[in-house]
>>> print(open('entry-v3.csv').read())   # CSV, C-alpha atoms
chain,number,residue,atom,x,y,z
A,15,MET,CA,-12.7,2.4,45.7
A,16,GLU,CA,-13.7,3.6,42.3
A,17,PHE,CA,-17.3,2.8,43.3
A,18,LEU,CA,-17.0,5.0,46.4
A,19,THR,CA,-15.6,7.8,44.3
A,20,TRP,CA,-18.5,7.4,41.9
A,21,ILE,CA,-21.0,7.6,44.8
A,22,GLU,CA,-19.4,10.8,46.0
A,23,GLY,CA,-19.9,12.3,42.6
A,24,THR,CA,-23.7,11.5,42.3
A,25,ALA,CA,-26.3,14.3,42.4
A,26,VAL,CA,-27.5,13.2,45.8
A,27,ALA,CA,-24.0,13.3,47.3
A,28,LEU,CA,-23.5,16.8,45.9
A,29,TRP,CA,-26.8,18.0,47.3
A,30,VAL,CA,-25.9,16.6,50.8
A,31,ARG,CA,-22.4,17.9,50.7
A,32,GLU,CA,-22.7,21.3,49.1
A,33,SER,CA,-26.2,22.7,49.3
A,34,LEU,CA,-27.0,25.0,52.2
A,35,TRP,CA,-29.7,22.9,53.8
A,36,GLY,CA,-29.1,19.4,52.4
A,37,TYR,CA,-26.9,18.1,55.2
A,38,PRO,CA,-28.8,19.6,58.2
A,39,ILE,CA,-32.1,18.3,56.8
A,40,VAL,CA,-30.9,14.8,56.2
A,41,LEU,CA,-29.1,14.8,59.6
A,42,SER,CA,-32.2,15.9,61.4
A,43,SER,CA,-34.3,13.2,59.6
A,44,HIS,CA,-31.7,10.6,60.7
A,45,ALA,CA,-32.1,11.8,64.4
A,46,VAL,CA,-35.9,11.6,64.3
A,47,GLY,CA,-35.8,8.2,62.6
A,48,MET,CA,-33.3,7.0,65.3
A,49,ALA,CA,-35.7,8.2,68.0
A,50,ILE,CA,-38.6,6.2,66.5
A,51,VAL,CA,-36.6,3.0,65.8
A,52,VAL,CA,-34.5,2.8,68.9
A,53,GLY,CA,-37.3,4.3,71.1
A,54,MET,CA,-39.9,1.7,70.0
A,55,VAL,CA,-37.6,-1.3,70.0
A,56,SER,CA,-36.2,-0.5,73.4
A,57,MET,CA,-39.7,-0.1,74.9
A,58,ILE,CA,-40.6,-3.6,73.5
A,59,ASP,CA,-37.3,-4.9,74.8
A,60,ILE,CA,-38.0,-3.7,78.4
A,61,ARG,CA,-41.5,-5.0,78.2
A,62,VAL,CA,-40.2,-8.5,77.4
A,63,LEU,CA,-37.5,-8.1,80.1
A,64,GLY,CA,-40.4,-7.7,82.6
A,65,PHE,CA,-41.4,-4.0,82.7
A,66,ALA,CA,-45.2,-3.2,82.6
A,67,ARG,CA,-46.1,-6.9,82.5
A,68,LYS,CA,-49.8,-6.1,82.4
A,69,ILE,CA,-49.4,-5.0,78.8
A,70,PRO,CA,-50.0,-7.9,76.3
A,71,ILE,CA,-47.0,-8.0,74.0
A,72,SER,CA,-49.3,-8.4,71.0
A,73,SER,CA,-50.8,-4.9,71.7
A,74,PHE,CA,-47.4,-3.4,70.6
A,75,ASN,CA,-48.1,-4.8,67.1
A,76,SER,CA,-49.9,-1.7,65.9
A,77,LEU,CA,-46.7,0.3,66.9
A,78,PHE,CA,-44.5,-1.9,64.8
A,79,ASN,CA,-45.5,-0.5,61.4
A,80,LEU,CA,-44.3,2.9,62.8
A,81,THR,CA,-41.0,1.3,63.7
A,82,TRP,CA,-40.6,0.1,60.1
A,83,ALA,CA,-41.4,3.6,58.8
A,84,GLY,CA,-38.7,4.9,61.2
A,85,PHE,CA,-36.3,2.4,59.8
A,86,ALA,CA,-37.1,3.4,56.2
A,87,ILE,CA,-36.4,7.0,57.1
A,88,ASN,CA,-33.0,6.1,58.6
A,89,PHE,CA,-32.0,3.7,55.8
A,90,THR,CA,-32.7,6.4,53.2
A,91,SER,CA,-31.1,9.3,55.2
A,92,GLY,CA,-28.2,7.0,56.2
A,93,CYS,CA,-27.5,6.2,52.6
A,94,MET,CA,-27.6,9.9,51.7
A,95,LEU,CA,-25.2,10.8,54.5
A,96,PHE,CA,-22.9,8.0,53.4
A,97,SER,CA,-22.9,9.2,49.8
A,98,GLY,CA,-21.8,12.7,50.9
A,99,ASP,CA,-18.5,11.3,52.3
A,100,ALA,CA,-18.4,7.7,51.1
A,101,ILE,CA,-14.6,7.1,51.3
A,102,LYS,CA,-14.3,8.5,54.8
A,103,PHE,CA,-17.3,6.4,56.1
A,104,PHE,CA,-16.2,3.2,54.4
A,105,ASN,CA,-12.8,3.4,56.0
A,106,SER,CA,-14.1,4.4,59.5
A,107,THR,CA,-13.9,1.6,62.1
A,108,PRO,CA,-16.7,3.0,64.3
A,109,PHE,CA,-18.9,3.3,61.3
A,110,ARG,CA,-18.3,-0.4,60.3
A,111,ILE,CA,-19.0,-1.4,63.9
A,112,LYS,CA,-22.3,0.7,63.8
A,113,ILE,CA,-23.5,-1.1,60.6
A,114,ILE,CA,-22.7,-4.5,62.1
A,115,LEU,CA,-24.6,-3.6,65.3
A,116,ILE,CA,-27.6,-2.5,63.3
A,117,ILE,CA,-27.7,-5.7,61.3
A,118,LEU,CA,-27.4,-7.7,64.6
A,119,GLY,CA,-30.0,-5.5,66.1
A,120,MET,CA,-32.4,-6.2,63.3
A,121,ILE,CA,-31.8,-9.9,63.5
A,122,SER,CA,-32.5,-9.8,67.2
A,123,VAL,CA,-35.8,-7.9,66.7
A,124,TRP,CA,-36.8,-10.4,64.1
A,125,MET,CA,-36.0,-13.3,66.4
A,126,LEU,CA,-37.7,-11.6,69.3
A,127,LEU,CA,-41.0,-11.1,67.4
A,128,ARG,CA,-40.9,-14.7,66.4
A,129,GLU,CA,-40.2,-15.8,70.0
A,130,VAL,CA,-43.0,-13.8,71.6
A,131,LYS,CA,-45.6,-14.5,68.9
A,132,GLY,CA,-48.8,-15.6,70.6
A,133,MET,CA,-47.2,-15.3,74.1
A,134,ASP,CA,-49.2,-12.6,75.7
A,135,SER,CA,-48.9,-13.8,79.3
A,136,GLY,CA,-47.1,-11.6,81.8
A,137,VAL,CA,-43.7,-13.3,82.0
A,138,SER,CA,-41.7,-14.0,78.8
A,139,SER,CA,-39.4,-17.0,78.3
A,140,THR,CA,-35.8,-16.9,79.3
A,141,LYS,CA,-34.8,-17.1,75.6
A,142,ALA,CA,-37.0,-14.1,74.8
A,143,ARG,CA,-35.5,-12.1,77.6
A,144,ILE,CA,-31.9,-12.9,76.5
A,145,ILE,CA,-32.8,-11.8,72.9
A,146,ALA,CA,-34.3,-8.6,74.3
A,147,ALA,CA,-31.2,-7.8,76.3
A,148,VAL,CA,-29.0,-8.5,73.2
A,149,SER,CA,-31.3,-6.2,71.1
A,150,LEU,CA,-30.9,-3.4,73.7
A,151,LEU,CA,-27.1,-3.7,73.7
A,152,CYS,CA,-27.0,-3.7,69.8
A,153,TRP,CA,-29.1,-0.6,69.4
A,154,PHE,CA,-27.6,1.4,72.2
A,155,GLY,CA,-24.2,0.2,71.0
A,156,ALA,CA,-25.0,1.4,67.4
A,157,ILE,CA,-25.8,4.9,68.8
A,158,THR,CA,-22.4,4.9,70.6
A,159,ALA,CA,-20.6,3.8,67.5
A,160,GLY,CA,-22.5,6.3,65.5
A,161,ARG,CA,-21.5,9.2,67.8
A,162,LEU,CA,-17.8,8.0,67.8
A,163,THR,CA,-17.9,8.0,63.9
A,164,ALA,CA,-17.8,11.8,64.2
A,165,TYR,CA,-14.7,11.8,66.4
A,166,LEU,CA,-12.4,8.9,65.4
B,21,MET,CA,-24.5,40.7,87.0
B,22,ASP,CA,-25.3,41.0,83.3
B,23,ILE,CA,-25.7,38.1,80.9
B,24,THR,CA,-22.0,38.3,79.8
B,25,GLY,CA,-20.9,38.0,83.4
B,26,ILE,CA,-23.2,35.0,84.0
B,27,LEU,CA,-22.0,33.2,80.9
B,28,THR,CA,-18.4,34.0,81.7
B,29,ALA,CA,-18.9,32.5,85.2
B,30,ILE,CA,-20.5,29.4,83.7
B,31,GLU,CA,-17.7,29.0,81.2
B,32,ALA,CA,-15.1,29.2,84.0
B,33,SER,CA,-17.0,26.9,86.3
B,34,TRP,CA,-15.5,23.5,87.3
B,35,LEU,CA,-18.0,21.7,85.2
B,36,GLY,CA,-17.3,23.8,82.1
B,37,VAL,CA,-13.6,23.5,82.5
B,38,THR,CA,-13.7,19.7,83.1
B,39,ILE,CA,-15.9,19.0,80.0
B,40,ARG,CA,-13.6,21.1,77.8
B,41,ASP,CA,-10.4,19.6,79.2
B,42,VAL,CA,-11.2,15.9,79.3
B,43,ALA,CA,-11.4,14.9,75.6
B,44,TRP,CA,-13.8,11.9,75.9
B,45,LEU,CA,-16.3,13.6,78.2
B,46,PHE,CA,-18.1,15.6,75.5
B,47,PRO,CA,-18.6,12.6,73.1
B,48,MET,CA,-19.7,10.5,76.1
B,49,LEU,CA,-22.3,13.1,77.1
B,50,GLU,CA,-23.5,13.3,73.5
B,51,THR,CA,-23.9,9.5,73.4
B,52,LEU,CA,-25.9,9.7,76.7
B,53,HIS,CA,-28.0,12.5,75.3
B,54,PHE,CA,-28.8,10.4,72.2
B,55,MET,CA,-29.7,7.3,74.3
B,56,GLY,CA,-31.8,9.6,76.6
B,57,LEU,CA,-33.7,11.1,73.6
B,58,CYS,CA,-34.5,7.6,72.2
B,59,THR,CA,-35.7,6.4,75.6
B,60,LEU,CA,-37.8,9.6,76.1
B,61,PHE,CA,-39.3,9.5,72.6
B,62,GLY,CA,-39.9,5.8,72.8
B,63,SER,CA,-41.8,5.9,76.1
B,64,LEU,CA,-43.8,8.9,74.9
B,65,MET,CA,-44.7,7.0,71.7
B,66,VAL,CA,-46.2,4.2,73.8
B,67,ILE,CA,-48.2,6.7,75.9
B,68,ASP,CA,-49.2,9.2,73.2
B,69,LEU,CA,-50.1,6.6,70.5
B,70,ARG,CA,-52.3,4.8,73.1
B,71,LEU,CA,-54.0,8.1,73.8
B,72,LEU,CA,-54.4,8.8,70.1
B,73,GLY,CA,-56.0,5.4,69.6
B,74,ILE,CA,-53.3,4.0,67.2
B,75,ALA,CA,-52.2,1.5,69.9
B,76,ARG,CA,-55.6,1.2,71.5
B,77,PHE,CA,-55.2,-2.3,72.7
B,78,ILE,CA,-52.6,-1.3,75.2
B,79,PRO,CA,-54.4,-1.0,78.6
B,80,MET,CA,-54.4,2.6,79.8
B,81,GLY,CA,-53.2,2.0,83.3
B,82,PRO,CA,-50.0,0.1,82.4
B,83,ALA,CA,-49.4,2.5,79.5
B,84,MET,CA,-49.1,5.2,82.1
B,85,SER,CA,-46.4,3.2,83.9
B,86,PHE,CA,-44.1,4.5,81.1
B,87,VAL,CA,-44.3,8.0,82.5
B,88,PRO,CA,-41.5,7.5,85.1
B,89,ILE,CA,-39.3,6.3,82.2
B,90,SER,CA,-40.0,9.5,80.3
B,91,ILE,CA,-39.1,11.5,83.4
B,92,GLY,CA,-35.9,9.6,84.0
B,93,ALA,CA,-34.8,9.9,80.4
B,94,PHE,CA,-35.6,13.6,80.5
B,95,LEU,CA,-33.4,14.0,83.6
B,96,VAL,CA,-30.5,12.2,81.8
B,97,ASN,CA,-30.9,14.7,79.0
B,98,LEU,CA,-31.3,17.7,81.2
B,99,CYS,CA,-28.0,16.8,83.0
B,100,SER,CA,-26.0,16.1,79.8
B,101,GLY,CA,-27.5,19.2,78.2
B,102,ILE,CA,-26.4,21.4,81.1
B,103,GLY,CA,-23.0,19.8,80.6
B,104,PHE,CA,-22.9,20.9,76.9
B,105,PHE,CA,-24.1,24.4,77.8
B,106,CYS,CA,-21.4,24.8,80.6
B,107,ALA,CA,-18.7,23.7,78.2
B,108,ASP,CA,-19.5,26.4,75.6
B,109,PRO,CA,-22.1,28.9,76.9
B,110,PHE,CA,-21.3,31.7,74.5
B,111,THR,CA,-22.1,29.4,71.5
B,112,TYR,CA,-25.4,28.0,72.9
B,113,TYR,CA,-26.9,31.1,74.5
B,114,PRO,CA,-27.3,33.3,71.4
B,115,ASN,CA,-27.9,30.3,69.1
B,116,LEU,CA,-31.3,30.4,67.3
B,117,ALA,CA,-31.9,26.7,67.1
B,118,PHE,CA,-30.9,26.3,70.8
B,119,ARG,CA,-33.4,29.0,71.8
B,120,ILE,CA,-36.3,27.5,69.7
B,121,LYS,CA,-35.4,24.1,71.2
B,122,MET,CA,-35.6,25.5,74.8
B,123,ILE,CA,-39.0,27.1,74.1
B,124,LEU,CA,-40.3,23.8,72.6
B,125,ILE,CA,-39.2,21.9,75.7
B,126,LEU,CA,-40.9,24.4,77.9
B,127,VAL,CA,-44.2,24.1,75.9
B,128,ALA,CA,-43.9,20.3,75.8
B,129,GLY,CA,-43.3,20.3,79.6
B,130,LEU,CA,-46.4,22.5,80.2
B,131,ASN,CA,-48.4,20.2,77.9
B,132,ALA,CA,-47.3,17.2,79.9
B,133,VAL,CA,-48.1,18.8,83.3
B,134,TRP,CA,-51.5,19.7,82.0
B,135,PHE,CA,-52.1,16.2,80.9
B,136,GLN,CA,-50.7,14.6,84.1
B,137,TYR,CA,-52.8,16.7,86.5
B,138,ILE,CA,-56.0,17.5,84.7
B,139,GLU,CA,-56.6,14.8,82.0
B,140,ALA,CA,-54.8,11.7,83.3
B,141,PRO,CA,-56.8,11.2,86.5
B,142,LYS,CA,-60.0,11.0,84.4
B,143,ILE,CA,-58.8,8.2,82.1
B,144,LYS,CA,-56.6,6.0,84.3
B,145,SER,CA,-59.2,3.2,84.4
B,146,LEU,CA,-60.1,3.3,80.7
B,147,PRO,CA,-60.3,-0.4,79.5
B,148,PRO,CA,-58.3,-1.6,76.4
B,149,GLY,CA,-59.9,-0.7,73.1
B,150,THR,CA,-61.7,2.4,74.3
B,151,SER,CA,-61.3,5.8,72.8
B,152,THR,CA,-60.1,9.0,74.6
B,153,THR,CA,-61.6,12.5,74.4
B,154,LEU,CA,-60.6,14.9,71.7
B,155,THR,CA,-58.7,17.1,74.2
B,156,VAL,CA,-56.6,14.1,75.3
B,157,LYS,CA,-55.9,13.3,71.6
B,158,ALA,CA,-54.9,16.9,70.9
B,159,ILE,CA,-52.5,16.8,73.9
B,160,ALA,CA,-50.9,13.5,72.7
B,161,ALA,CA,-50.5,14.7,69.1
B,162,LEU,CA,-49.0,18.0,70.3
B,163,SER,CA,-46.6,16.1,72.6
B,164,LEU,CA,-45.2,14.0,69.7
B,165,MET,CA,-45.0,17.0,67.4
B,166,LEU,CA,-43.2,19.2,70.0
B,167,TRP,CA,-40.6,16.5,70.9
B,168,THR,CA,-40.0,15.9,67.2
B,169,GLY,CA,-39.3,19.6,66.9
B,170,VAL,CA,-37.0,19.4,69.9
B,171,ILE,CA,-34.9,16.7,68.2
B,172,VAL,CA,-34.8,18.6,64.9
B,173,MET,CA,-33.8,21.9,66.6
B,174,GLY,CA,-31.1,20.1,68.7
B,175,ARG,CA,-29.6,18.7,65.5
B,176,MET,CA,-29.8,22.1,63.8
B,177,ILE,CA,-27.8,23.9,66.5
B,178,PRO,CA,-24.5,23.9,64.5
B,179,TYR,CA,-26.3,25.0,61.3
B,180,LEU,CA,-28.9,27.6,62.5
B,181,GLU,CA,-26.9,30.2,64.5
B,182,ASP,CA,-29.2,33.2,63.9
B,183,TRP,CA,-31.9,34.5,61.6
B,184,SER,CA,-29.3,35.5,59.0
B,185,ASN,CA,-28.7,31.7,58.4
B,186,LEU,CA,-32.2,31.5,57.1
B,187,GLN,CA,-31.6,34.0,54.3
>>> encode(input="entry-v3.csv", output="structure tokens")
Amino acid sequence: MEFLTWIEGTAVALWVRESLWGYPIVLSSHAVGMAIVVGMVSMIDIRVLGFARKIPISSFNSLFNLTWAGFAINFTSGCMLFSGDAIKFFNSTPFRIKIILIILGMISVWMLLREVKGMDSGVSSTKARIIAAVSLLCWFGAITAGRLTAYL
Amino acid sequence: MDITGILTAIEASWLGVTIRDVAWLFPMLETLHFMGLCTLFGSLMVIDLRLLGIARFIPMGPAMSFVPISIGAFLVNLCSGIGFFCADPFTYYPNLAFRIKMILILVAGLNAVWFQYIEAPKIKSLPPGTSTTLTVKAIAALSLMLWTGVIVMGRMIPYLEDWSNLQ
């Protein structure tokens, strides 16, 4: 708890909480990063699930660096938003669920990329499809939990 | 009827009353709006980054099969967006960020229509690895920039009510 209080007192936290544009700018960055990460991951997921089978899965590789950039934006902006109201977020159940879902989502993306490596043919394995479905549920679940964090 | 009359009627409409009265409806619509924006932006990234040449190994024809996903996601967001507006029209209508967002959506829509009807038919059979024209690249870059602007302006609605906020 002392640690959370310390976070709330840092310069970054003060800027997010009290400056005129700090919070809206960080919040907007978080929304753009979300669109990049969840947008890109969900398109790869539906490709593995069987949509647009003519696209070789490896051709998505060049888009994956962008997904990492989106994740970096959201990790940074997420930490900043957390610092502004650390005690509230730490004790929020939807927020905790969101973080768990993001971690599970990242693990599923990592597993998916391993599973489909070198498998460019139209239909993906059942295992790959199950992982893709889990990934979709995790990321869309994280969005739901994130929204609920503002209400509960 | 003047604009105040129209907004009053929207506010008193069944949709507006229901969304205000049922506590979980607004958060649920917001969640759908967020899911829709991710799906819309994701599908546009596949198409636009292919057109820009960044994802040039995606074959052009199948990349275009993401267009119906963009349209579907846009419709989800149009419907949920109409829901927000009906719940609180007097807040949204004069809001500066909301107005900029609507203009950006309109321009992005015209950009997409131009692409779909004038440029897309010319490039449908482009093989993987080939480059598109400068016009097509400009359209794709504009599309990504406009939709990023739409997301930012949407998030700014509570913070950018009018010009006086800009100080």
>>> interface_residues(input="entry-v3.csv", of="chain B", to="chain A", cutoff="7 Å", atoms="all atoms listed in the file", output="number ranges by chain")
B: 47, 51, 55, 57-59, 61-63, 74-75, 77-79, 82, 85, 168, 171-172, 175-176, 179
>>> closest_residue(input="entry-v3.csv", among="B:Tyr113, B:Phe54, B:Phe118, B:Trp167", to="Leu27 (chain B)", atoms="only C-alpha atoms")
B:Tyr113
>>> residues_around(input="entry-v3.csv", residues="region 126-142 of chain B", least_positions_apart="4", cutoff="8 Å", atoms="only C-alpha atoms", output="PyMOL selection string")
chain B and resi 122+156+159+162-163+166-167
>>> atom_distance(input="entry-v3.csv", atom1="CA of Thr155 (chain B)", atom2="CA of Arg70 (chain B)")
13.9 Å
>>> closest_residue(input="entry-v3.csv", among="A:Ile101, A:Met125, A:Gly84, A:Leu150", to="Met15 (chain A)", atoms="all atoms listed in the file")
A:Ile101
>>> atom_distance(input="entry-v3.csv", atom1="CA of Ile30 (chain B)", atom2="CA of Ile123 (chain B)")
21.0 Å
>>> atom_distance(input="entry-v3.csv", atom1="CA of Ala147 (chain A)", atom2="CA of Pro148 (chain B)")
27.8 Å
>>> residues_around(input="entry-v3.csv", residues="Pro114 (chain B)", least_positions_apart="5", cutoff="8 Å", atoms="only C-alpha atoms", output="ChimeraX atom specification")
/B:119,181-182
>>> decode(input="entry-v3.csv", residues="region 85-117 of chain A", atoms="N, CA and C atoms", output="CSV table (one decimal), in the first residue's frame")
chain,number,residue,atom,x,y,z
A,85,PHE,N,1.5,-2.5,-28.6
A,85,PHE,CA,1.6,-3.0,-27.2
A,85,PHE,C,2.5,-2.1,-26.4
A,86,ALA,N,3.6,-1.7,-26.9
A,86,ALA,CA,4.5,-0.8,-26.2
A,86,ALA,C,3.7,0.5,-25.8
A,87,ILE,N,2.9,1.1,-26.8
A,87,ILE,CA,2.2,2.3,-26.5
A,87,ILE,C,1.2,2.0,-25.3
A,88,ASN,N,0.6,0.8,-25.3
A,88,ASN,CA,-0.4,0.6,-24.3
A,88,ASN,C,0.2,0.2,-23.0
A,89,PHE,N,1.3,-0.4,-23.0
A,89,PHE,CA,2.0,-0.7,-21.7
A,89,PHE,C,2.4,0.6,-21.0
A,90,THR,N,3.0,1.5,-21.8
A,90,THR,CA,3.4,2.8,-21.3
A,90,THR,C,2.2,3.6,-20.8
A,91,SER,N,1.2,3.8,-21.7
A,91,SER,CA,0.1,4.6,-21.3
A,91,SER,C,-0.7,4.0,-20.2
A,92,GLY,N,-0.7,2.6,-20.2
A,92,GLY,CA,-1.5,1.9,-19.1
A,92,GLY,C,-0.8,2.1,-17.8
A,93,CYS,N,0.5,2.1,-17.7
A,93,CYS,CA,1.3,2.3,-16.5
A,93,CYS,C,1.0,3.8,-16.0
A,94,MET,N,1.0,4.7,-17.0
A,94,MET,CA,0.8,6.1,-16.6
A,94,MET,C,-0.6,6.3,-16.0
A,95,LEU,N,-1.6,5.7,-16.7
A,95,LEU,CA,-3.0,5.8,-16.2
A,95,LEU,C,-3.1,5.2,-14.8
A,96,PHE,N,-2.4,4.0,-14.6
A,96,PHE,CA,-2.4,3.4,-13.3
A,96,PHE,C,-1.9,4.3,-12.2
A,97,SER,N,-0.7,4.9,-12.6
A,97,SER,CA,0.0,5.7,-11.6
A,97,SER,C,-0.9,6.9,-11.1
A,98,GLY,N,-1.8,7.4,-12.0
A,98,GLY,CA,-2.6,8.5,-11.6
A,98,GLY,C,-3.6,8.2,-10.5
A,99,ASP,N,-4.0,6.9,-10.4
A,99,ASP,CA,-5.0,6.5,-9.4
A,99,ASP,C,-4.7,5.1,-9.0
A,100,ALA,N,-3.5,4.9,-8.5
A,100,ALA,CA,-3.0,3.5,-8.3
A,100,ALA,C,-3.8,2.7,-7.3
A,101,ILE,N,-4.2,3.3,-6.2
A,101,ILE,CA,-4.9,2.5,-5.1
A,101,ILE,C,-6.2,2.1,-5.6
A,102,LYS,N,-6.9,2.9,-6.3
A,102,LYS,CA,-8.2,2.6,-6.9
A,102,LYS,C,-8.1,1.4,-7.9
A,103,PHE,N,-7.2,1.5,-8.8
A,103,PHE,CA,-7.0,0.5,-9.8
A,103,PHE,C,-6.6,-0.8,-9.2
A,104,PHE,N,-5.6,-0.8,-8.2
A,104,PHE,CA,-5.1,-2.0,-7.6
A,104,PHE,C,-6.2,-2.8,-6.9
A,105,ASN,N,-7.2,-2.0,-6.3
A,105,ASN,CA,-8.3,-2.7,-5.6
A,105,ASN,C,-9.5,-3.0,-6.5
A,106,SER,N,-9.4,-2.7,-7.7
A,106,SER,CA,-10.6,-2.9,-8.6
A,106,SER,C,-10.6,-4.3,-9.2
A,107,THR,N,-11.7,-5.0,-8.9
A,107,THR,CA,-11.8,-6.4,-9.5
A,107,THR,C,-11.8,-6.4,-11.0
A,108,PRO,N,-12.6,-5.6,-11.7
A,108,PRO,CA,-12.5,-5.7,-13.2
A,108,PRO,C,-11.1,-5.4,-13.7
A,109,PHE,N,-10.4,-4.4,-13.0
A,109,PHE,CA,-9.1,-4.1,-13.5
A,109,PHE,C,-8.1,-5.3,-13.3
A,110,ARG,N,-8.3,-6.1,-12.2
A,110,ARG,CA,-7.4,-7.3,-12.0
A,110,ARG,C,-7.8,-8.3,-13.1
A,111,ILE,N,-9.1,-8.5,-13.4
A,111,ILE,CA,-9.5,-9.4,-14.4
A,111,ILE,C,-8.9,-9.0,-15.8
A,112,LYS,N,-8.9,-7.7,-16.0
A,112,LYS,CA,-8.4,-7.2,-17.3
A,112,LYS,C,-6.9,-7.6,-17.4
A,113,ILE,N,-6.1,-7.3,-16.4
A,113,ILE,CA,-4.7,-7.6,-16.4
A,113,ILE,C,-4.4,-9.1,-16.7
A,114,ILE,N,-5.2,-10.0,-15.9
A,114,ILE,CA,-5.1,-11.4,-16.1
A,114,ILE,C,-5.4,-11.8,-17.6
A,115,LEU,N,-6.5,-11.2,-18.1
A,115,LEU,CA,-6.9,-11.5,-19.5
A,115,LEU,C,-5.8,-11.1,-20.5
A,116,ILE,N,-5.2,-9.9,-20.2
A,116,ILE,CA,-4.1,-9.5,-21.2
A,116,ILE,C,-2.9,-10.4,-21.1
A,117,ILE,N,-2.6,-10.9,-19.9
A,117,ILE,CA,-1.4,-11.8,-19.8
A,117,ILE,C,-1.8,-13.1,-20.5
